[in-house]
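> Contents of final_29.pdb (PDB, C-alpha atoms):
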ATOM      1  CA  MET A   1     -28.469  19.863  -1.748
ATOM      2  CA  ALA A   2     -31.572  21.984  -1.715
ATOM      3  CA  SER A   3     -30.267  24.432   0.884
ATOM      4  CA  TYR A   4     -27.464  25.706  -1.352
ATOM      5  CA  ARG A   5     -27.973  28.888  -3.348
ATOM      6  CA  TYR A   6     -25.981  28.755  -6.555
ATOM      7  CA  PRO A   7     -24.497  31.855  -8.115
ATOM      8  CA  LYS A   8     -26.460  33.349 -10.980
ATOM      9  CA  VAL A   9     -24.230  34.526 -13.809
ATOM     10  CA  ALA A  10     -25.630  36.348 -16.784
ATOM     11  CA  ALA A  11     -24.991  34.731 -20.136
ATOM     12  CA  SER A  12     -23.068  37.843 -21.162
ATOM     13  CA  GLU A  13     -20.546  37.159 -18.378
ATOM     14  CA  ILE A  14     -19.656  33.664 -19.574
ATOM     15  CA  THR A  15     -16.582  33.716 -21.757
ATOM     16  CA  PRO A  16     -17.372  32.102 -25.113
ATOM     17  CA  ARG A  17     -15.210  29.055 -25.793
ATOM     18  CA  SER A  18     -13.863  30.575 -29.012
ATOM     19  CA  LEU A  19     -12.642  33.681 -27.180
ATOM     20  CA  TRP A  20     -10.870  31.927 -24.337
ATOM     21  CA  LEU A  21      -9.231  29.505 -26.795
ATOM     22  CA  ASP A  22      -8.012  32.419 -28.927
ATOM     23  CA  ARG A  23      -6.713  34.191 -25.845
ATOM     24  CA  ARG A  24      -4.954  31.032 -24.624
ATOM     25  CA  ARG A  25      -3.278  30.500 -27.977
ATOM     26  CA  PHE A  26      -2.092  34.094 -28.058
ATOM     27  CA  LEU A  27      -0.650  33.881 -24.545
ATOM     28  CA  ALA A  28       0.973  30.529 -25.263
ATOM     29  CA  GLY A  29       2.745  32.150 -28.179
ATOM     30  CA  VAL A  30       4.231  34.737 -25.850
ATOM     31  CA  GLY A  31       5.766  31.937 -23.767
ATOM     32  CA  THR A  32       4.983  29.892 -20.716
ATOM     33  CA  ALA A  33       7.399  31.811 -18.525
ATOM     34  CA  ALA A  34       5.323  34.977 -18.437
ATOM     35  CA  ALA A  35       3.601  35.375 -15.100
ATOM     36  CA  LEU A  36       0.325  37.248 -15.107
ATOM     37  CA  PRO A  37      -0.649  38.982 -11.827
ATOM     38  CA  LEU A  38      -4.261  38.390 -10.802
ATOM     39  CA  ILE A  39      -6.474  40.053  -8.232
ATOM     40  CA  GLY A  40      -7.702  37.882  -5.372
ATOM     41  CA  GLY A  41      -6.300  36.257  -2.251
ATOM     42  CA  GLY A  42      -6.213  32.727  -3.647
ATOM     43  CA  VAL A  43      -4.119  33.255  -6.775
ATOM     44  CA  ALA A  44      -0.602  34.675  -6.751
ATOM     45  CA  HIS A  45      -0.039  34.365 -10.483
ATOM     46  CA  ALA A  46      -1.073  32.441 -13.542
ATOM     47  CA  ALA A  47       1.070  31.429 -16.476
ATOM     48  CA  ALA A  48      -0.136  30.547 -19.947
ATOM     49  CA  LEU A  49       0.398  26.931 -20.939
ATOM     50  CA  LYS A  50       1.244  25.668 -24.401
ATOM     51  CA  THR A  51      -1.361  23.046 -25.283
ATOM     52  CA  THR A  52      -3.040  21.196 -28.101
ATOM     53  CA  PRO A  53      -6.719  20.207 -28.391
ATOM     54  CA  GLY A  54      -7.391  16.898 -26.682
ATOM     55  CA  PRO A  55      -9.948  14.170 -27.345
ATOM     56  CA  PHE A  56     -13.303  13.772 -25.584
ATOM     57  CA  THR A  57     -13.886  17.530 -25.271
ATOM     58  CA  ILE A  58     -17.616  18.240 -25.092
ATOM     59  CA  ASP A  59     -19.460  20.913 -27.013
ATOM     60  CA  GLU A  60     -20.984  22.722 -24.039
ATOM     61  CA  GLU A  61     -20.464  26.281 -22.842
ATOM     62  CA  PRO A  62     -17.782  26.356 -20.140
ATOM     63  CA  THR A  63     -18.789  27.636 -16.732
ATOM     64  CA  ALA A  64     -17.594  31.182 -16.094
ATOM     65  CA  LYS A  65     -14.007  31.241 -14.867
ATOM     66  CA  SER A  66     -15.094  33.469 -11.968
ATOM     67  CA  ASP A  67     -17.362  30.657 -10.743
ATOM     68  CA  VAL A  68     -14.867  27.868 -11.333
ATOM     69  CA  THR A  69     -12.279  29.690  -9.223
ATOM     70  CA  SER A  70     -14.550  30.941  -6.449
ATOM     71  CA  TYR A  71     -17.149  28.209  -5.877
ATOM     72  CA  ASN A  72     -15.615  24.875  -5.011
ATOM     73  CA  ASN A  73     -14.698  22.376  -2.305
ATOM     74  CA  PHE A  74     -11.156  22.203  -0.965
ATOM     75  CA  TYR A  75     -11.495  21.449   2.740
ATOM     76  CA  GLU A  76      -7.817  22.081   3.418
ATOM     77  CA  PHE A  77      -8.733  25.769   3.143
ATOM     78  CA  GLY A  78     -12.151  25.597   4.819
ATOM     79  CA  THR A  79     -15.552  24.015   4.397
ATOM     80  CA  GLY A  80     -17.349  26.932   2.726
ATOM     81  CA  LYS A  81     -17.565  27.218  -1.047
ATOM     82  CA  ALA A  82     -15.747  30.591  -1.017
ATOM     83  CA  ASP A  83     -13.114  29.496   1.539
ATOM     84  CA  PRO A  84     -10.574  28.044  -0.932
ATOM     85  CA  SER A  85     -10.398  31.298  -2.885
ATOM     86  CA  ALA A  86     -10.358  33.442   0.240
ATOM     87  CA  ASN A  87      -7.946  31.385   2.354
ATOM     88  CA  SER A  88      -5.322  29.995  -0.024
ATOM     89  CA  GLY A  89      -3.168  33.116  -0.370
ATOM     90  CA  ASP A  90      -0.378  31.714   1.823
ATOM     91  CA  PHE A  91      -0.191  28.397   0.004
ATOM     92  CA  ARG A  92       3.028  27.833  -1.973
ATOM     93  CA  PRO A  93       2.635  25.489  -4.960
ATOM     94  CA  GLU A  94       6.264  25.954  -5.999
ATOM     95  CA  PRO A  95       8.633  24.198  -5.666
ATOM     96  CA  TRP A  96       6.743  20.908  -5.813
ATOM     97  CA  THR A  97       7.487  17.201  -5.938
ATOM     98  CA  LEU A  98       5.096  14.434  -6.940
ATOM     99  CA  GLU A  99       6.497  11.083  -5.823
ATOM    100  CA  VAL A 100       5.325   7.861  -7.493
ATOM    101  CA  ASP A 101       6.252   4.624  -5.753
ATOM    102  CA  GLY A 102       4.921   1.267  -4.612
ATOM    103  CA  LEU A 103       4.513  -1.635  -7.016
ATOM    104  CA  VAL A 104       6.449  -0.072  -9.877
ATOM    105  CA  GLY A 105       9.639  -0.962 -11.674
ATOM    106  CA  LYS A 106      10.943   2.601 -11.778
ATOM    107  CA  PRO A 107       9.825   4.759  -8.834
ATOM    108  CA  GLN A 108      10.292   8.412  -9.688
ATOM    109  CA  LYS A 109       9.843  11.959  -8.462
ATOM    110  CA  PHE A 110       8.383  14.604 -10.765
ATOM    111  CA  ASP A 111       8.838  18.331 -10.262
ATOM    112  CA  ILE A 112       6.653  20.994 -11.870
ATOM    113  CA  ASP A 113       8.872  21.294 -14.929
ATOM    114  CA  SER A 114       8.664  17.531 -15.427
ATOM    115  CA  LEU A 115       4.875  17.614 -15.198
ATOM    116  CA  HIS A 116       4.626  20.494 -17.648
ATOM    117  CA  ALA A 117       6.933  18.650 -20.040
ATOM    118  CA  PHE A 118       4.238  16.056 -20.758
ATOM    119  CA  PRO A 119       2.266  16.974 -23.897
ATOM    120  CA  LEU A 120      -0.499  19.160 -22.459
ATOM    121  CA  GLU A 121      -4.015  19.019 -23.862
ATOM    122  CA  ASP A 122      -7.188  21.065 -23.568
ATOM    123  CA  ARG A 123      -9.904  18.851 -22.098
ATOM    124  CA  THR A 124     -13.322  20.432 -21.519
ATOM    125  CA  TYR A 125     -15.186  18.086 -19.184
ATOM    126  CA  ARG A 126     -18.397  18.066 -17.221
ATOM    127  CA  MET A 127     -17.818  18.092 -13.455
ATOM    128  CA  ARG A 128     -20.581  16.721 -11.210
ATOM    129  CA  CYS A 129     -20.340  17.297  -7.460
ATOM    130  CA  VAL A 130     -21.910  14.724  -5.159
ATOM    131  CA  GLU A 131     -23.874  17.660  -3.696
ATOM    132  CA  ALA A 132     -25.932  17.794  -6.930
ATOM    133  CA  TRP A 133     -24.368  20.819  -8.605
ATOM    134  CA  SER A 134     -22.261  20.759 -11.731
ATOM    135  CA  MET A 135     -19.943  22.766 -13.950
ATOM    136  CA  VAL A 136     -18.258  22.527 -17.350
ATOM    137  CA  ILE A 137     -14.530  23.114 -16.903
ATOM    138  CA  PRO A 138     -11.841  23.595 -19.572
ATOM    139  CA  TRP A 139      -8.932  21.734 -17.979
ATOM    140  CA  VAL A 140      -5.341  21.577 -19.151
ATOM    141  CA  GLY A 141      -3.593  18.298 -18.478
ATOM    142  CA  PHE A 142      -2.278  14.998 -19.743
ATOM    143  CA  PRO A 143      -3.410  11.369 -19.450
ATOM    144  CA  LEU A 144      -2.456   9.811 -16.137
ATOM    145  CA  ALA A 145      -1.540   6.710 -18.160
ATOM    146  CA  ALA A 146       1.394   8.621 -19.660
ATOM    147  CA  LEU A 147       2.909   9.132 -16.219
ATOM    148  CA  LEU A 148       2.180   5.555 -15.164
ATOM    149  CA  ASP A 149       4.019   4.313 -18.236
ATOM    150  CA  ARG A 150       7.125   6.139 -16.992
ATOM    151  CA  VAL A 151       7.160   4.218 -13.693
ATOM    152  CA  GLU A 152       6.327   0.799 -15.187
ATOM    153  CA  PRO A 153       3.629  -0.718 -12.943
ATOM    154  CA  LEU A 154       4.287  -4.301 -11.855
ATOM    155  CA  GLY A 155       1.836  -7.081 -12.641
ATOM    156  CA  SER A 156       0.778  -7.185  -8.989
ATOM    157  CA  ALA A 157      -0.376  -3.541  -9.036
ATOM    158  CA  LYS A 158      -4.172  -3.288  -9.066
ATOM    159  CA  TYR A 159      -4.882   0.185  -7.643
ATOM    160  CA  VAL A 160      -3.388   3.668  -7.468
ATOM    161  CA  ALA A 161      -3.500   5.439  -4.088
ATOM    162  CA  PHE A 162      -3.258   9.247  -4.068
ATOM    163  CA  GLU A 163      -2.200  11.573  -1.251
ATOM    164  CA  THR A 164      -2.453  15.340  -0.959
ATOM    165  CA  VAL A 165      -0.149  17.759   0.797
ATOM    166  CA  VAL A 166      -0.316  18.504   4.547
ATOM    167  CA  ARG A 167       0.781  22.048   5.385
ATOM    168  CA  PRO A 168      -1.319  23.422   8.245
ATOM    169  CA  GLU A 169       0.834  26.539   8.351
ATOM    170  CA  GLU A 170      -0.356  27.344   4.804
ATOM    171  CA  MET A 171      -3.741  25.604   4.790
ATOM    172  CA  PRO A 172      -6.004  26.961   7.543
ATOM    173  CA  GLY A 173      -8.532  24.167   7.089
ATOM    174  CA  GLN A 174      -5.926  21.750   8.448
ATOM    175  CA  ARG A 175      -5.495  23.719  11.668
ATOM    176  CA  GLY A 176      -7.450  23.622  14.912
ATOM    177  CA  LEU A 177      -8.882  21.059  17.302
ATOM    178  CA  PHE A 178     -11.916  20.032  15.262
ATOM    179  CA  GLN A 179     -11.121  18.864  11.755
ATOM    180  CA  PRO A 180     -13.736  17.895   9.139
ATOM    181  CA  LEU A 181     -11.475  15.175   7.723
ATOM    182  CA  GLU A 182      -8.406  13.191   8.666
ATOM    183  CA  TRP A 183      -5.295  14.506   6.922
ATOM    184  CA  PRO A 184      -3.782  13.893   4.510
ATOM    185  CA  TYR A 185      -6.683  13.692   2.077
ATOM    186  CA  VAL A 186      -6.391  10.358   0.296
ATOM    187  CA  GLU A 187      -8.099   8.869  -2.743
ATOM    188  CA  GLY A 188      -7.794   5.879  -5.019
ATOM    189  CA  LEU A 189      -8.619   4.378  -8.394
ATOM    190  CA  ARG A 190      -8.466   0.935  -9.865
ATOM    191  CA  LEU A 191      -5.492   0.729 -12.190
ATOM    192  CA  ASP A 192      -7.728   0.304 -15.241
ATOM    193  CA  GLU A 193      -9.654   3.438 -14.243
ATOM    194  CA  ALA A 194      -6.403   5.336 -13.759
ATOM    195  CA  ARG A 195      -5.183   4.242 -17.176
ATOM    196  CA  HIS A 196      -8.422   5.113 -18.972
ATOM    197  CA  PRO A 197      -7.889   7.810 -21.645
ATOM    198  CA  LEU A 198     -10.426  10.128 -19.948
ATOM    199  CA  THR A 199      -8.451  10.220 -16.685
ATOM    200  CA  ILE A 200      -6.003  13.100 -16.564
ATOM    201  CA  LEU A 201      -3.630  14.864 -14.251
ATOM    202  CA  SER A 202      -4.548  18.521 -14.598
ATOM    203  CA  VAL A 203      -1.986  21.302 -14.272
ATOM    204  CA  GLY A 204      -4.244  24.115 -15.459
ATOM    205  CA  LEU A 205      -7.627  25.421 -16.434
ATOM    206  CA  TYR A 206      -8.778  28.016 -18.948
ATOM    207  CA  GLY A 207      -5.381  27.723 -20.644
ATOM    208  CA  GLU A 208      -3.382  28.805 -17.590
ATOM    209  CA  THR A 209      -1.727  27.157 -14.611
ATOM    210  CA  LEU A 210      -4.051  25.905 -11.885
ATOM    211  CA  PRO A 211      -5.081  28.483  -9.285
ATOM    212  CA  LYS A 212      -4.273  27.547  -5.710
ATOM    213  CA  GLN A 213      -7.927  27.100  -4.813
ATOM    214  CA  ASN A 214      -8.423  24.615  -7.651
ATOM    215  CA  GLY A 215      -5.645  22.240  -6.658
ATOM    216  CA  ALA A 216      -2.354  23.786  -7.752
ATOM    217  CA  PRO A 217      -0.003  22.639  -9.020
ATOM    218  CA  VAL A 218      -1.425  19.222  -9.987
ATOM    219  CA  ARG A 219      -4.730  17.458  -9.400
ATOM    220  CA  LEU A 220      -6.662  14.431 -10.596
ATOM    221  CA  VAL A 221      -9.647  14.735 -12.954
ATOM    222  CA  VAL A 222     -11.924  11.714 -13.534
ATOM    223  CA  PRO A 223     -15.004  13.167 -15.254
ATOM    224  CA  TRP A 224     -17.375  10.209 -14.880
ATOM    225  CA  LYS A 225     -16.998  10.216 -11.092
ATOM    226  CA  TYR A 226     -18.249  12.621  -8.431
ATOM    227  CA  GLY A 227     -15.960  15.551  -7.819
ATOM    228  CA  PHE A 228     -14.592  14.403  -4.467
ATOM    229  CA  LYS A 229     -12.554  11.779  -6.339
ATOM    230  CA  GLY A 230     -10.575  14.616  -7.944
ATOM    231  CA  ILE A 231      -7.879  14.896  -5.295
ATOM    232  CA  LYS A 232      -6.010  18.207  -5.357
ATOM    233  CA  SER A 233      -2.411  19.283  -4.734
ATOM    234  CA  ILE A 234      -1.092  15.726  -5.058
ATOM    235  CA  VAL A 235       2.273  14.916  -3.511
ATOM    236  CA  ARG A 236       2.288  11.130  -3.751
ATOM    237  CA  MET A 237       0.911   8.280  -5.839
ATOM    238  CA  THR A 238       1.470   4.702  -4.679
ATOM    239  CA  LEU A 239       0.614   1.633  -6.722
ATOM    240  CA  VAL A 240      -0.793  -1.084  -4.489
ATOM    241  CA  GLU A 241      -2.431  -4.510  -4.696
ATOM    242  CA  GLU A 242      -5.378  -3.929  -2.335
ATOM    243  CA  GLU A 243      -8.135  -1.296  -2.573
ATOM    244  CA  PRO A 244      -6.812   1.798  -0.780
ATOM    245  CA  VAL A 245      -8.600   3.746   1.932
ATOM    246  CA  THR A 246     -10.200   6.998   0.750
ATOM    247  CA  SER A 247     -10.994  10.038   2.875
ATOM    248  CA  TRP A 248     -14.747  10.306   2.386
ATOM    249  CA  SER A 249     -15.479   6.586   2.501
ATOM    250  CA  ARG A 250     -13.441   6.411   5.713
ATOM    251  CA  LEU A 251     -15.506   9.236   7.209
ATOM    252  CA  ALA A 252     -18.959   8.070   6.065
ATOM    253  CA  PRO A 253     -18.872   4.744   4.172
ATOM    254  CA  GLN A 254     -22.665   4.593   3.983
ATOM    255  CA  GLU A 255     -22.659   7.855   2.008
ATOM    256  CA  TYR A 256     -19.450   7.851  -0.049
ATOM    257  CA  GLY A 257     -18.243   4.679  -1.717
ATOM    258  CA  PHE A 258     -14.899   3.916  -3.303
ATOM    259  CA  TYR A 259     -16.166   4.006  -6.879
ATOM    260  CA  ALA A 260     -18.219   7.224  -6.738
ATOM    261  CA  ASN A 261     -19.487   6.824 -10.295
ATOM    262  CA  VAL A 262     -22.109   9.436 -11.170
ATOM    263  CA  ASN A 263     -25.380   7.488 -11.081
ATOM    264  CA  PRO A 264     -28.796   9.186 -11.143
ATOM    265  CA  GLU A 265     -30.402   5.926  -9.992
ATOM    266  CA  VAL A 266     -28.438   5.710  -6.749
ATOM    267  CA  ASP A 267     -29.386   8.519  -4.381
ATOM    268  CA  HIS A 268     -27.227   9.905  -1.653
ATOM    269  CA  PRO A 269     -28.809   8.906   1.681
ATOM    270  CA  ARG A 270     -29.808  12.547   2.242
ATOM    271  CA  TRP A 271     -30.741  13.777  -1.237
ATOM    272  CA  SER A 272     -31.607  12.676  -4.747
ATOM    273  CA  GLN A 273     -28.959  12.320  -7.442
ATOM    274  CA  ALA A 274     -31.490  12.271 -10.279
ATOM    275  CA  SER A 275     -30.909  15.922 -11.221
ATOM    276  CA  GLU A 276     -28.413  18.712 -10.750
ATOM    277  CA  THR A 277     -28.051  22.473 -10.892
ATOM    278  CA  ARG A 278     -25.474  23.820 -13.331
ATOM    279  CA  VAL A 279     -23.590  26.593 -11.558
ATOM    280  CA  GLY A 280     -24.231  29.875 -13.363
ATOM    281  CA  GLU A 281     -27.657  28.938 -14.679
ATOM    282  CA  GLY A 282     -29.494  29.419 -11.364
ATOM    283  CA  GLY A 283     -33.218  30.056 -11.516
ATOM    284  CA  PHE A 284     -35.893  30.398  -8.868
ATOM    285  CA  PHE A 285     -36.544  27.292  -6.763
ATOM    286  CA  ASN A 286     -33.971  25.368  -8.799
ATOM    287  CA  ALA A 287     -36.140  25.703 -11.909
ATOM    288  CA  ALA A 288     -33.048  25.279 -14.065
ATOM    289  CA  ARG A 289     -32.201  21.806 -12.741
ATOM    290  CA  ARG A 290     -31.238  19.330 -15.418
ATOM    291  CA  PRO A 291     -31.341  15.512 -15.428
ATOM    292  CA  THR A 292     -28.119  13.854 -14.312
ATOM    293  CA  LEU A 293     -26.592  11.540 -16.907
ATOM    294  CA  PRO A 294     -25.257   8.067 -16.058
ATOM    295  CA  PHE A 295     -21.498   8.256 -15.631
ATOM    296  CA  ASN A 296     -21.942  12.025 -16.060
ATOM    297  CA  GLY A 297     -22.531  11.551 -19.790
ATOM    298  CA  TYR A 298     -19.445   9.390 -20.390
ATOM    299  CA  ALA A 299     -21.168   5.992 -20.344
ATOM    300  CA  ASP A 300     -20.148   5.130 -23.904
ATOM    301  CA  GLU A 301     -16.497   5.441 -22.911
ATOM    302  CA  VAL A 302     -16.446   3.905 -19.413
ATOM    303  CA  ALA A 303     -19.464   1.656 -18.765
ATOM    304  CA  SER A 304     -17.524  -1.389 -19.939
ATOM    305  CA  LEU A 305     -15.148  -0.941 -16.987
ATOM    306  CA  TYR A 306     -17.963  -2.048 -14.698
ATOM    307  CA  ALA A 307     -19.554  -4.813 -16.752
ATOM    308  CA  GLY A 308     -21.221  -7.343 -14.468
ATOM    309  CA  MET A 309     -20.880  -5.178 -11.357
ATOM    310  CA  ASP A 310     -23.793  -4.202  -9.135
ATOM    311  CA  LEU A 311     -23.508  -0.406  -9.286
ATOM    312  CA  ARG A 312     -25.882  -0.003  -6.339
ATOM    313  CA  LYS A 313     -23.597  -2.075  -4.164
ATOM    314  CA  ASN A 314     -20.403  -0.702  -5.674
ATOM    315  CA  TYR A 315     -21.404   2.945  -5.378
TER     316      TYR A 315
END
Since I need it in another form, could you write the structure as structure tokens?

Amino acid sequence: MASYRYPKVAASEITPRSLWLDRRRFLAGVGTAAALPLIGGGVAHAAALKTTPGPFTIDEEPTAKSDVTSYNNFYEFGTGKADPSANSGDFRPEPWTLEVDGLVGKPQKFDIDSLHAFPLEDRTYRMRCVEAWSMVIPWVGFPLAALLDRVEPLGSAKYVAFETVVRPEEMPGQRGLFQPLEWPYVEGLRLDEARHPLTILSVGLYGETLPKQNGAPVRLVVPWKYGFKGIKSIVRMTLVEEEPVTSWSRLAPQEYGFYANVNPEVDHPRWSQASETRVGEGGFFNAARRPTLPFNGYADEVASLYAGMDLRKNY
């Protein structure tokens, strides 16, 4: 969106990938139980996570951690880009339960320890917001398929419906008479999308546990789709037979479809999707805009999921 002004970060302020990986590995060696106090209202602590390098990681400079944790959308804490960082101090991501039910053979509940017990991987992905800005984020997580295998989806299951937490006493964006969205925030994927190797449940970024403003303690990451598909602070996943309702398509179906695949040839009704601004690169009059890639650059991996589909109709 042309009216946004993106933060300009000098190249010297962007942590080189080699340095943050070395730092993560050092901290992981100390142990995952060590809590590291951070400055800022949105983060109470961060803990190093023990991980291994994952597949599909791209060779692009990660966006500065200061931008990733201070410039994002999380409407439960407010509609401004800085609101999640500023307003999430009262949010309590522990203890936590993620319930998985519906058309499964073994419905289960997963606590934080259970989620962290999955083999955690470093996955550096592009993230493309529907608002035409982008980042490169070094996530920590595990394939969603690994969790789905635990619950044994039935043959009738065709979709996965996701639901986020509702805690207006901790999330000021959920309070008041006039709400931007209907709560809880809900999202969905086809089961084959959910089981794709690129799709992960993230429990961290930059080698540490997720900050509150980024979706602690667990969120969805689907890198070939617009960012609003990445539901945060998930409390429930339900396997269903019919396409589930999603928050943004319920609010404005002419603007936000169920699939939300990044597509430079399908514009948003109010702006072009042909290019994007990478947060941290800035430039006068959006001079640093870059072309948007089909499926956000992951076409080789995911285009076959949509073979024969009209991607203008199924946006």
> Around (-34.3, 11.9, -12.5) in the file's frame, which residues reach within 9 Å when counting only C-alpha atoms? Return as a list in words?
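Neighbouring residues, ordered by chain and number, come to Pro264, Glu265, Ser272, Gln273, Ala274, Ser275, Arg290, Pro291, Thr292 and Leu293 of chain A.
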> With the cut-off set at 12 Å and counting all atoms listed in the file, tabulate each residue of range 165-191 of chain A with an atom at most that distance from an atom of range 214-227 of chain A, showing the nearest atom pair and its distance in Å to one decimal, ordered by chain and increasing number, as JSON lines.

{"residue": "A:Val165", "atom": "CA", "partner": "A:Gly215", "partner_atom": "CA", "distance": 10.3}
{"residue": "A:Val186", "atom": "CA", "partner": "A:Leu220", "partner_atom": "CA", "distance": 11.6}
{"residue": "A:Glu187", "atom": "CA", "partner": "A:Leu220", "partner_atom": "CA", "distance": 9.7}
{"residue": "A:Gly188", "atom": "CA", "partner": "A:Leu220", "partner_atom": "CA", "distance": 10.3}
{"residue": "A:Leu189", "atom": "CA", "partner": "A:Val222", "partner_atom": "CA", "distance": 9.5}
{"residue": "A:Arg190", "atom": "CA", "partner": "A:Val222", "partner_atom": "CA", "distance": 11.9}
> Grab the CA of Leu205 in chain A to CA of Phe258 in chain A distance for me, in Å with one decimal place.
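Between CA of Leu205 in chain A and CA of Phe258 in chain A the gap works out to 26.2 Å.
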> Using CA of Gly80 in chain A and CA of Glu255 in chain A as the two end points, give the distance in Å to one decimal.
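Between these atoms lies a distance of 19.8 Å.
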> Name the residues captured by the PyMOL selection byres ((chain A and resi 107) around 10) when it is applied to the shown file; answer as JSON, numbers by chain.
{"A": [99, 100, 101, 102, 103, 104, 105, 106, 108, 109, 148, 150, 151, 152, 153, 238, 239]}
> For Glu208 in chain A, which of A:Glu76, A:Glu243, A:Glu163, A:Glu121 is the closest residue, counting all atoms listed in the file?
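The closest residue to Glu208 in chain A is A:Glu121.
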> Going by the chain IDs and residue numbers used in this file, which residues fall under the PyMOL selection byres ((chain A and resi 167-169) around 12)? Write them as JSON, numbers by chain.
{"A": [75, 76, 77, 78, 87, 88, 89, 90, 91, 92, 93, 164, 165, 166, 170, 171, 172, 173, 174, 175, 176, 179, 183, 184, 185, 233, 235]}
> Hey, can you check how far CA of Val130 in chain A sits from CA of Tyr298 in chain A?
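Separation of CA of Val130 in chain A and CA of Tyr298 in chain A: 16.3 Å.
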> Set up a box along x, y and z of the file covering all listed atoms of range 56-73 of chain A, add 5 Å on every one of the six sides, and write the centre and edge lengths in Å to one decimal, as AutoDock Vina command-line options.

--center_x -16.6 --center_y 23.6 --center_z -14.7 --size_x 18.7 --size_y 29.7 --size_z 34.7
> Just so the selection is clear, what residues does the PyMOL selection byres ((chain A and resi 82) around 7) cover here, as a list in words?
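On the file shown, the PyMOL selection byres ((chain A and resi 82) around 7) covers Ser70, Tyr71, Asn72, Gly80, Lys81, Asp83, Pro84, Ser85 and Ala86 of chain A.
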> I need the residue nearest Pro62 in chain A from this list: A:Gly280, A:Gly297, A:Pro95, A:Pro138. Use only C-alpha atoms for the distance.
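Closest residue, counting only C-alpha atoms: A:Pro138.
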> Pick out the closest residue to Lys229 in chain A from this set: A:Glu276, A:Ser202, A:Phe162, A:Val266. Count only C-alpha atoms.
A:Phe162
